[in-house]
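Shown here: protein26.cif, mmCIF, C-alpha atoms and all ligand atoms.
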```cif
data_model
#
loop_
_atom_site.label_atom_id
_atom_site.label_comp_id
_atom_site.auth_asym_id
_atom_site.auth_seq_id
_atom_site.Cartn_x
_atom_site.Cartn_y
_atom_site.Cartn_z
CA MET A 269 -11.17 43.34 -16.42
CA ALA A 270 -11.37 43.41 -20.19
CA PHE A 271 -11.79 39.64 -20.62
CA PRO A 272 -12.93 36.89 -18.30
CA ILE A 273 -10.38 35.11 -16.15
CA THR A 274 -12.40 31.94 -15.79
CA ARG A 275 -10.05 29.03 -16.20
CA LEU A 276 -9.83 26.19 -13.68
CA ARG A 277 -13.55 26.29 -13.06
CA ARG A 278 -14.29 25.18 -16.63
CA LEU A 279 -13.54 21.62 -15.61
CA ARG A 280 -15.84 21.76 -12.57
CA ARG A 281 -19.11 22.83 -14.16
CA THR A 282 -20.97 19.54 -14.42
CA GLU A 283 -20.81 16.15 -12.79
CA HIS A 284 -19.95 14.69 -16.21
CA ILE A 285 -16.86 16.78 -16.65
CA ARG A 286 -15.83 16.45 -13.00
CA ASN A 287 -16.05 12.72 -13.46
CA LEU A 288 -13.85 12.88 -16.56
CA VAL A 289 -11.03 14.74 -14.85
CA ARG A 290 -11.19 13.02 -11.46
CA GLU A 291 -7.70 11.94 -10.36
CA THR A 292 -8.49 9.50 -7.57
CA ARG A 293 -11.23 6.90 -7.43
CA LEU A 294 -12.47 4.63 -4.70
CA THR A 295 -13.41 1.07 -5.51
CA PRO A 296 -14.57 -1.66 -3.12
CA ASP A 297 -11.67 -3.87 -4.21
CA ALA A 298 -9.32 -1.62 -2.22
CA PHE A 299 -11.13 -2.33 1.04
CA VAL A 300 -10.40 -4.75 3.87
CA TYR A 301 -13.13 -5.16 6.49
CA PRO A 302 -11.98 -5.70 10.12
CA MET A 303 -13.99 -8.20 12.19
CA PHE A 304 -13.97 -9.23 15.87
CA VAL A 305 -14.71 -12.88 16.50
CA CYS A 306 -15.77 -14.30 19.87
CA SER A 307 -16.98 -17.64 21.17
CA GLY A 308 -20.59 -18.63 21.71
CA GLU A 309 -23.55 -19.00 19.41
CA GLY A 310 -25.73 -16.34 17.87
CA VAL A 311 -23.61 -13.60 19.43
CA ARG A 312 -23.90 -10.22 17.77
CA LYS A 313 -22.85 -7.69 20.36
CA GLU A 314 -22.47 -4.11 19.27
CA VAL A 315 -19.32 -2.31 20.40
CA ARG A 316 -20.48 0.64 22.49
CA SER A 317 -17.95 3.11 21.11
CA MET A 318 -18.24 1.82 17.53
CA PRO A 319 -21.90 1.80 16.50
CA GLY A 320 -22.42 -0.59 13.58
CA VAL A 321 -19.42 -2.76 14.57
CA PHE A 322 -20.01 -6.04 16.40
CA ASN A 323 -18.36 -8.85 18.33
CA LEU A 324 -19.52 -11.88 16.35
CA SER A 325 -19.58 -15.56 17.15
CA VAL A 326 -18.25 -17.83 14.42
CA GLU A 327 -21.48 -18.53 12.47
CA GLU A 328 -22.42 -14.84 12.66
CA ALA A 329 -18.97 -13.96 11.33
CA VAL A 330 -19.52 -16.38 8.46
CA LYS A 331 -22.83 -14.66 7.62
CA GLU A 332 -21.13 -11.30 7.72
CA CYS A 333 -18.40 -12.60 5.39
CA ARG A 334 -20.99 -13.68 2.84
CA GLU A 335 -22.35 -10.17 2.81
CA VAL A 336 -18.88 -8.60 2.60
CA HIS A 337 -18.01 -10.83 -0.35
CA SER A 338 -21.27 -10.07 -2.15
CA LEU A 339 -20.48 -6.36 -1.91
CA GLY A 340 -17.29 -6.86 -3.92
CA ILE A 341 -14.94 -6.44 -0.95
CA PRO A 342 -12.07 -8.88 -1.45
CA SER A 343 -10.82 -9.31 2.08
CA VAL A 344 -11.48 -9.25 5.82
CA ILE A 345 -9.01 -9.04 8.70
CA LEU A 346 -9.82 -11.10 11.77
CA PHE A 347 -9.27 -10.21 15.42
CA GLY A 348 -10.06 -12.64 18.23
CA LEU A 349 -11.61 -12.36 21.66
CA PRO A 350 -10.46 -15.47 23.50
CA ASP A 351 -12.37 -16.95 26.44
CA LYS A 352 -9.25 -17.05 28.56
CA LYS A 353 -6.18 -14.86 28.71
CA ASP A 354 -2.82 -15.75 30.22
CA ASP A 355 0.75 -14.47 30.16
CA ILE A 356 1.89 -16.54 27.15
CA ALA A 357 -1.06 -15.66 24.86
CA THR A 358 -2.15 -19.27 24.45
CA GLY A 359 -5.37 -18.18 22.75
CA ALA A 360 -3.39 -16.60 19.93
CA TRP A 361 -1.55 -19.73 18.80
CA GLU A 362 -3.52 -22.76 19.98
CA GLU A 363 -4.86 -24.90 17.17
CA ASN A 364 -8.43 -24.31 18.17
CA GLY A 365 -8.10 -20.61 18.95
CA ILE A 366 -11.08 -18.44 18.14
CA VAL A 367 -9.59 -16.89 14.99
CA GLN A 368 -8.43 -20.34 13.83
CA GLN A 369 -11.99 -21.64 14.23
CA ALA A 370 -13.43 -18.67 12.38
CA ALA A 371 -10.88 -18.98 9.58
CA ARG A 372 -11.76 -22.62 8.95
CA ALA A 373 -15.49 -21.90 8.95
CA ILE A 374 -15.17 -18.90 6.63
CA LYS A 375 -12.87 -20.75 4.22
CA ARG A 376 -15.42 -23.56 3.97
CA THR A 377 -18.36 -21.25 3.23
CA VAL A 378 -16.86 -18.24 1.44
CA PRO A 379 -13.72 -19.60 -0.22
CA GLY A 380 -13.44 -16.56 -2.49
CA LEU A 381 -12.74 -14.20 0.37
CA LEU A 382 -9.09 -13.41 1.22
CA LEU A 383 -8.51 -13.85 4.92
CA MET A 384 -6.05 -11.68 6.76
CA GLY A 385 -5.04 -12.55 10.30
CA ASP A 386 -3.91 -9.81 12.62
CA VAL A 387 -0.94 -11.20 14.51
CA CYS A 388 -0.54 -9.69 17.95
CA LEU A 389 -0.56 -10.93 21.51
CA CYS A 390 -2.38 -8.13 23.34
CA GLU A 391 -5.89 -9.56 22.97
CA TYR A 392 -4.66 -12.85 24.44
CA MET A 393 -2.46 -11.62 27.28
CA SER A 394 -3.89 -11.12 30.77
CA HIS A 395 -1.94 -7.85 30.99
CA GLY A 396 -2.99 -6.59 27.55
CA HIS A 397 0.51 -5.89 26.22
CA CYS A 398 1.63 -6.96 22.74
CA GLY A 399 4.62 -8.96 23.99
CA ILE A 400 5.90 -10.98 26.92
CA VAL A 401 6.23 -8.89 30.06
CA LYS A 402 9.20 -9.05 32.38
CA ALA A 403 7.51 -8.41 35.68
CA PRO A 404 8.70 -6.18 38.48
CA PRO A 405 10.37 -7.93 41.46
CA GLN A 406 6.98 -8.85 42.94
CA SER A 407 4.94 -11.19 40.78
CA LEU A 408 3.19 -9.88 37.68
CA GLY A 409 -0.05 -10.94 39.31
CA ALA A 410 0.47 -8.27 41.92
CA ALA A 411 1.33 -5.79 39.22
CA VAL A 412 -1.86 -6.54 37.34
CA ALA A 413 -3.91 -6.22 40.49
CA THR A 414 -2.53 -2.83 41.45
CA PRO A 415 -2.10 -0.62 38.43
CA PRO A 416 -0.59 1.70 37.56
CA VAL A 417 2.88 0.23 37.71
CA ALA A 418 5.72 2.63 37.02
CA ALA A 419 7.22 2.21 33.55
CA ALA A 420 10.61 1.46 35.10
CA ASP A 421 9.21 -1.59 36.89
CA TYR A 422 8.44 -3.76 33.92
CA GLU A 423 9.62 -4.35 30.39
CA ILE A 424 8.04 -5.77 27.25
CA LEU A 425 10.64 -8.30 26.12
CA ASN A 426 11.38 -8.20 22.42
CA ASP A 427 13.16 -11.41 21.46
CA PRO A 428 11.16 -13.89 23.58
CA SER A 429 7.96 -12.41 22.11
CA LEU A 430 9.09 -13.27 18.57
CA GLU A 431 8.74 -16.97 19.24
CA LEU A 432 5.06 -16.56 20.19
CA LEU A 433 4.36 -14.31 17.21
CA ALA A 434 5.94 -16.85 14.86
CA ARG A 435 3.96 -19.67 16.46
CA THR A 436 0.75 -17.64 16.10
CA SER A 437 1.44 -16.96 12.42
CA VAL A 438 2.02 -20.62 11.59
CA SER A 439 -1.11 -21.63 13.47
CA LEU A 440 -3.17 -19.05 11.56
CA ALA A 441 -1.75 -20.15 8.21
CA ASN A 442 -2.52 -23.77 9.12
CA ALA A 443 -6.12 -22.73 9.75
CA GLY A 444 -6.42 -21.16 6.30
CA ILE A 445 -5.48 -17.52 6.88
CA ASP A 446 -4.17 -16.24 3.52
CA ILE A 447 -2.23 -13.17 4.62
CA ILE A 448 -0.34 -12.72 7.88
CA ALA A 449 -0.50 -9.19 9.28
CA PRO A 450 1.73 -8.61 12.33
CA SER A 451 0.71 -5.53 14.35
CA ASP A 452 2.77 -6.01 17.51
CA MET A 453 5.73 -3.71 16.64
CA MET A 454 8.42 -5.95 18.12
CA ASP A 455 11.75 -5.61 16.27
CA GLY A 456 12.63 -8.46 13.95
CA ARG A 457 9.20 -10.02 13.89
CA VAL A 458 8.84 -10.03 10.12
CA ALA A 459 12.04 -12.09 9.72
CA ALA A 460 11.00 -14.42 12.55
CA ILE A 461 7.54 -14.94 11.06
CA ARG A 462 8.85 -15.40 7.49
CA ASN A 463 11.30 -17.99 8.70
CA ALA A 464 8.66 -19.89 10.68
CA LEU A 465 6.14 -19.81 7.83
CA ASP A 466 8.72 -21.10 5.35
CA HIS A 467 9.76 -23.92 7.67
CA ALA A 468 6.14 -24.92 8.10
CA GLY A 469 5.70 -25.07 4.33
CA HIS A 470 3.72 -21.83 3.99
CA LEU A 471 6.03 -20.41 1.35
CA ASN A 472 3.18 -18.74 -0.49
CA THR A 473 1.68 -16.93 2.48
CA PRO A 474 2.43 -13.21 2.18
CA ILE A 475 3.17 -10.90 5.11
CA LEU A 476 1.43 -7.54 5.32
CA SER A 477 3.44 -5.74 7.97
CA TYR A 478 1.96 -3.00 10.14
CA ALA A 479 5.34 -1.38 9.52
CA ALA A 480 4.70 2.16 10.71
CA LYS A 481 2.27 1.79 13.58
CA PHE A 482 2.07 4.75 15.89
CA ALA A 483 1.23 4.78 19.61
CA SER A 484 -2.12 6.45 19.14
CA GLY A 485 -5.09 7.67 21.13
CA PHE A 486 -7.17 6.75 18.09
CA TYR A 487 -7.08 3.04 19.08
CA GLY A 488 -9.32 3.67 22.10
CA PRO A 489 -12.55 2.15 20.77
CA PHE A 490 -10.69 -0.89 19.35
CA ARG A 491 -9.40 -1.71 22.78
CA GLU A 492 -12.99 -1.88 23.94
CA ALA A 493 -13.95 -4.00 20.92
CA ALA A 494 -11.03 -6.40 21.37
CA ASP A 495 -10.78 -6.08 25.14
CA SER A 496 -7.06 -5.37 24.84
CA THR A 497 -6.42 -2.30 26.97
CA PRO A 498 -3.04 -2.63 28.75
CA GLN A 499 -3.64 -3.24 32.46
CA PHE A 500 -0.62 -1.09 33.33
CA GLY A 501 1.59 1.33 31.45
CA ASP A 502 1.12 2.01 27.74
CA ARG A 503 2.46 0.92 24.35
CA ARG A 504 4.98 3.70 23.82
CA SER A 505 7.99 1.45 24.32
CA TYR A 506 7.12 -0.50 21.17
CA GLN A 507 4.69 1.51 19.04
CA MET A 508 6.07 4.60 17.30
CA ASP A 509 6.16 8.17 18.56
CA SER A 510 3.56 10.22 16.64
CA ALA A 511 6.15 12.91 15.99
CA ASN A 512 8.47 10.78 13.86
CA LEU A 513 8.22 10.61 10.09
CA ARG A 514 11.84 9.73 9.31
CA GLU A 515 11.80 6.94 11.86
CA ALA A 516 8.68 5.58 10.14
CA MET A 517 10.74 5.26 6.94
CA ARG A 518 13.36 3.29 8.88
CA GLU A 519 10.70 0.99 10.30
CA ILE A 520 9.32 0.32 6.84
CA ALA A 521 12.77 -0.19 5.28
CA ALA A 522 13.64 -2.67 8.05
CA ASP A 523 10.44 -4.66 7.49
CA ILE A 524 11.02 -4.80 3.74
CA GLU A 525 14.56 -5.96 4.35
CA GLU A 526 13.20 -8.72 6.61
CA GLY A 527 10.82 -9.94 3.93
CA ALA A 528 7.54 -8.00 4.20
CA ASP A 529 5.46 -8.35 1.01
CA MET A 530 3.17 -5.41 1.76
CA ILE A 531 3.46 -2.55 4.21
CA MET A 532 1.00 -0.57 6.28
CA VAL A 533 0.74 2.83 7.92
CA LYS A 534 -1.59 3.16 10.90
CA PRO A 535 -3.66 5.19 11.86
CA ALA A 536 -4.53 6.74 8.50
CA MET A 537 -5.98 10.24 8.52
CA PRO A 538 -3.70 11.77 11.17
CA TYR A 539 -0.71 10.29 9.28
CA LEU A 540 -1.45 11.10 5.64
CA ASP A 541 2.03 12.63 5.35
CA VAL A 542 3.55 9.29 6.37
CA ILE A 543 1.43 7.48 3.79
CA ALA A 544 2.52 9.93 1.08
CA ALA A 545 6.19 9.67 2.05
CA ALA A 546 6.01 5.86 2.10
CA ARG A 547 4.34 5.85 -1.33
CA ASN A 548 7.14 8.00 -2.72
CA ARG A 549 9.92 6.01 -1.25
CA PHE A 550 8.87 2.34 -1.45
CA ASP A 551 7.43 0.24 -4.23
CA LEU A 552 5.57 -2.40 -2.25
CA PRO A 553 1.78 -2.44 -2.08
CA LEU A 554 0.87 0.11 0.58
CA ALA A 555 -2.01 -0.24 2.99
CA ALA A 556 -3.44 2.20 5.52
CA TYR A 557 -5.68 1.43 8.49
CA GLN A 558 -8.51 3.87 9.17
CA VAL A 559 -8.68 2.93 12.84
CA SER A 560 -11.45 2.68 15.40
CA GLY A 561 -11.09 6.24 16.71
CA GLU A 562 -11.28 7.70 13.22
CA TYR A 563 -14.49 5.77 12.68
CA ALA A 564 -15.90 6.66 16.11
CA MET A 565 -15.28 10.39 15.63
CA ILE A 566 -17.17 10.46 12.35
CA GLU A 567 -20.01 8.36 13.79
CA ALA A 568 -20.30 10.55 16.88
CA ALA A 569 -20.40 13.80 14.95
CA ALA A 570 -22.87 12.36 12.44
CA ARG A 571 -25.14 11.13 15.24
CA ASN A 572 -25.21 14.65 16.62
CA GLY A 573 -26.25 15.94 13.21
CA TRP A 574 -23.03 17.95 12.95
CA ILE A 575 -21.71 16.41 9.75
CA ASP A 576 -23.08 14.50 6.78
CA ARG A 577 -21.94 10.97 7.57
CA ASP A 578 -21.81 9.48 4.07
CA ARG A 579 -20.10 12.48 2.63
CA VAL A 580 -17.44 12.63 5.34
CA MET A 581 -16.95 8.85 5.18
CA MET A 582 -16.23 8.98 1.45
CA GLU A 583 -14.06 12.09 1.77
CA SER A 584 -11.97 10.46 4.51
CA LEU A 585 -11.46 7.31 2.45
CA LEU A 586 -10.61 9.35 -0.63
CA SER A 587 -7.99 11.32 1.30
CA ILE A 588 -6.28 8.08 2.32
CA ARG A 589 -6.32 6.85 -1.26
CA ARG A 590 -5.08 10.19 -2.60
CA ALA A 591 -2.19 10.17 -0.11
CA GLY A 592 -1.09 6.95 -1.79
CA ALA A 593 -2.55 3.92 -0.03
CA SER A 594 -3.81 1.32 -2.46
CA ILE A 595 -5.35 -0.88 0.26
CA ILE A 596 -7.58 0.57 3.00
CA LEU A 597 -8.54 -1.31 6.14
CA THR A 598 -11.76 0.34 7.27
CA TYR A 599 -14.86 -0.28 9.37
CA TYR A 600 -16.64 1.61 6.58
CA ALA A 601 -15.85 -1.04 3.95
CA LYS A 602 -19.44 -2.30 3.66
CA ASP A 603 -21.12 1.10 3.79
CA ALA A 604 -18.70 2.63 1.31
CA ALA A 605 -19.01 -0.34 -1.05
CA ARG A 606 -22.80 0.07 -0.98
CA LEU A 607 -22.49 3.73 -1.91
CA LEU A 608 -20.08 2.91 -4.73
CA ALA A 609 -22.31 0.22 -6.22
C1 LIG B 1 -3.28 -4.96 18.07
C2 LIG B 1 -4.00 -3.98 17.23
C3 LIG B 1 -4.58 -2.74 17.59
C4 LIG B 1 -5.22 -2.27 16.45
C5 LIG B 1 -5.02 -3.20 15.45
N1 LIG B 1 -4.24 -4.23 15.94
C6 LIG B 1 -4.66 -2.04 18.88
C7 LIG B 1 -3.48 -1.50 19.55
O1 LIG B 1 -2.35 -1.55 19.06
O2 LIG B 1 -3.70 -1.01 20.66
C8 LIG B 1 -6.03 -0.99 16.37
C9 LIG B 1 -7.13 -0.98 15.36
C10 LIG B 1 -8.13 0.10 15.55
O3 LIG B 1 -8.01 0.97 16.42
O4 LIG B 1 -9.11 0.09 14.79
N2 LIG B 1 -2.10 -4.54 18.62
#
```
So, in terms of structure tokens, how does the structure I just supplied come out?
Amino acid sequence: MAFPITRLRRLRRTEHIRNLVRETRLTPDAFVYPMFVCSGEGVRKEVRSMPGVFNLSVEEAVKECREVHSLGIPSVILFGLPDKKDDIATGAWEENGIVQQAARAIKRTVPGLLLMGDVCLCEYMSHGHCGIVKAPPQSLGAAVATPPVAAADYEILNDPSLELLARTSVSLANAGIDIIAPSDMMDGRVAAIRNALDHAGHLNTPILSYAAKFASGFYGPFREAADSTPQFGDRRSYQMDSANLREAMREIAADIEEGADMIMVKPAMPYLDVIAAARNRFDLPLAAYQVSGEYAMIEAAARNGWIDRDRVMMESLLSIRRAGASIILTYYAKDAARLLA
């Protein structure tokens, strides 16, 4: 070669120049930190499959929120572990539900933090499904006692579930939740929730819809954290088939049509193509949820000394951002914010 062919590498030589030409940046203000609230006092129970993530009683959750806020993270999303479960998800919508209690306490102490409320019924249902179940001919009690029940024997009812989701949303907004985030995947829930919020006077409460939520094995550790594993069957009749990108666009379009203010793709890393396609096609703020299994995989490999935890954590978050998500729900919010400080 008569002359050097160095070209692209010129811009990679030093950290200074790499910094100058960097296309994607992570900042803590993109993060939302998920939290699991339970009853009791002084409870701080680590989730076995999610080291570093805890079930927290209300005052512990408040403490955690102070820390989250001081790290420059603007928002948390709350999940509840009720004391009692039933087949109408009372714990989700009752005035003194666990998330409602936590929301009031956090609003009082850390008013600057934006509170998201995950709206779903599975954590509050005795059967662990995200909607009302039409039981097989025997009673549902029998079905719950003797899993597995064949898929043909029961059905998750769409329209009757909407009423409970709407009731839950209004109750959360009454308790001070700033952003309503439905994750149940029933059809028509965004319209039902918007309508209920407006009628209750919550015209300024935005909806962040888990619009493209896939039926995913990556939710495993969450179901331990939130105690929401279905007692029979699975979620494939309402959550999306992992194989379907075009259908994800239809889900998102439908939610926007119904009044969603922000949209979400979930999980994140196995669905970066869906995030990128959604970014290209829709103009609403786009969120992605780096779910429990994504977190658990990184933690497990790091604990074995097989990967560099901090490096892989930042790389995974950057990939989600680069794909086009402007908001990232992640169990790494605090750790990543500390590294970015
Ligand atoms: C409730 C809900 C789930 C997650 C968020 N909201 C679980 C599920 O659908 O089974 C998963 C979050 C995670 O895995 O981190 N439906």
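Residue nearest ligand LIG 1 (chain B), chosen from A:Phe299, A:Phe347, A:Phe304, A:Phe490 and counting only C-alpha atoms and all ligand atoms: A:Phe490.
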Can you pull out every residue with an atom within 10 Å of ligand LIG 1 (chain B)? Use all atoms listed in the file and format it as a ChimeraX atom specification. /A:302-303,318,345-347,386-391,396-399,449-453,478,481-498,502-503,506-507,534-535,557-564,597-599
Name the residues in contact with Glu291 of chain A at a cut-off of 9 Å, using only C-alpha atoms, excluding same-chain residues fewer than 3 positions from it; report them as number ranges by chain. A: 287-288, 590
Mind giving me the straight-line distance from atom CA of Pro296 of chain A to atom CA of Ala601 of chain A in Å, one decimal?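 Atom CA of Ala601 of chain A lies at a distance of 7.2 Å from atom CA of Pro296 of chain A.
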Which is closer to Ile475 of chain A than all the others in A:Ile596, A:Leu608, A:Met454, A:Ala434, using all atoms listed in the file?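 That would be A:Ala434, the residue with the smallest distance to Ile475 of chain A.
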Determine, counting all atoms listed in the file, which protein, DNA and RNA residues have an atom within 8 Å of an atom of Ala443 of chain A; residues of the same chain fewer than 4 positions away are not included. Present the result as JSON, numbers by chain. {"A": [363, 368, 369, 371, 372, 439]}
Considering only C-alpha atoms, state which residue in the set A:Ala521, A:Ala528, A:Leu433, A:Ala357 is at the smallest distance from Pro474 of chain A.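 Of A:Ala521, A:Ala528, A:Leu433, A:Ala357, the one nearest Pro474 of chain A, counting only C-alpha atoms, is A:Ala528.
Interatomic distance, atom CA of Ala516 of chain A to atom CA of Ser477 of chain A: 12.7 Å.
Going from atom CA of Val367 of chain A to atom CA of Asp351 of chain A covers 11.8 Å.
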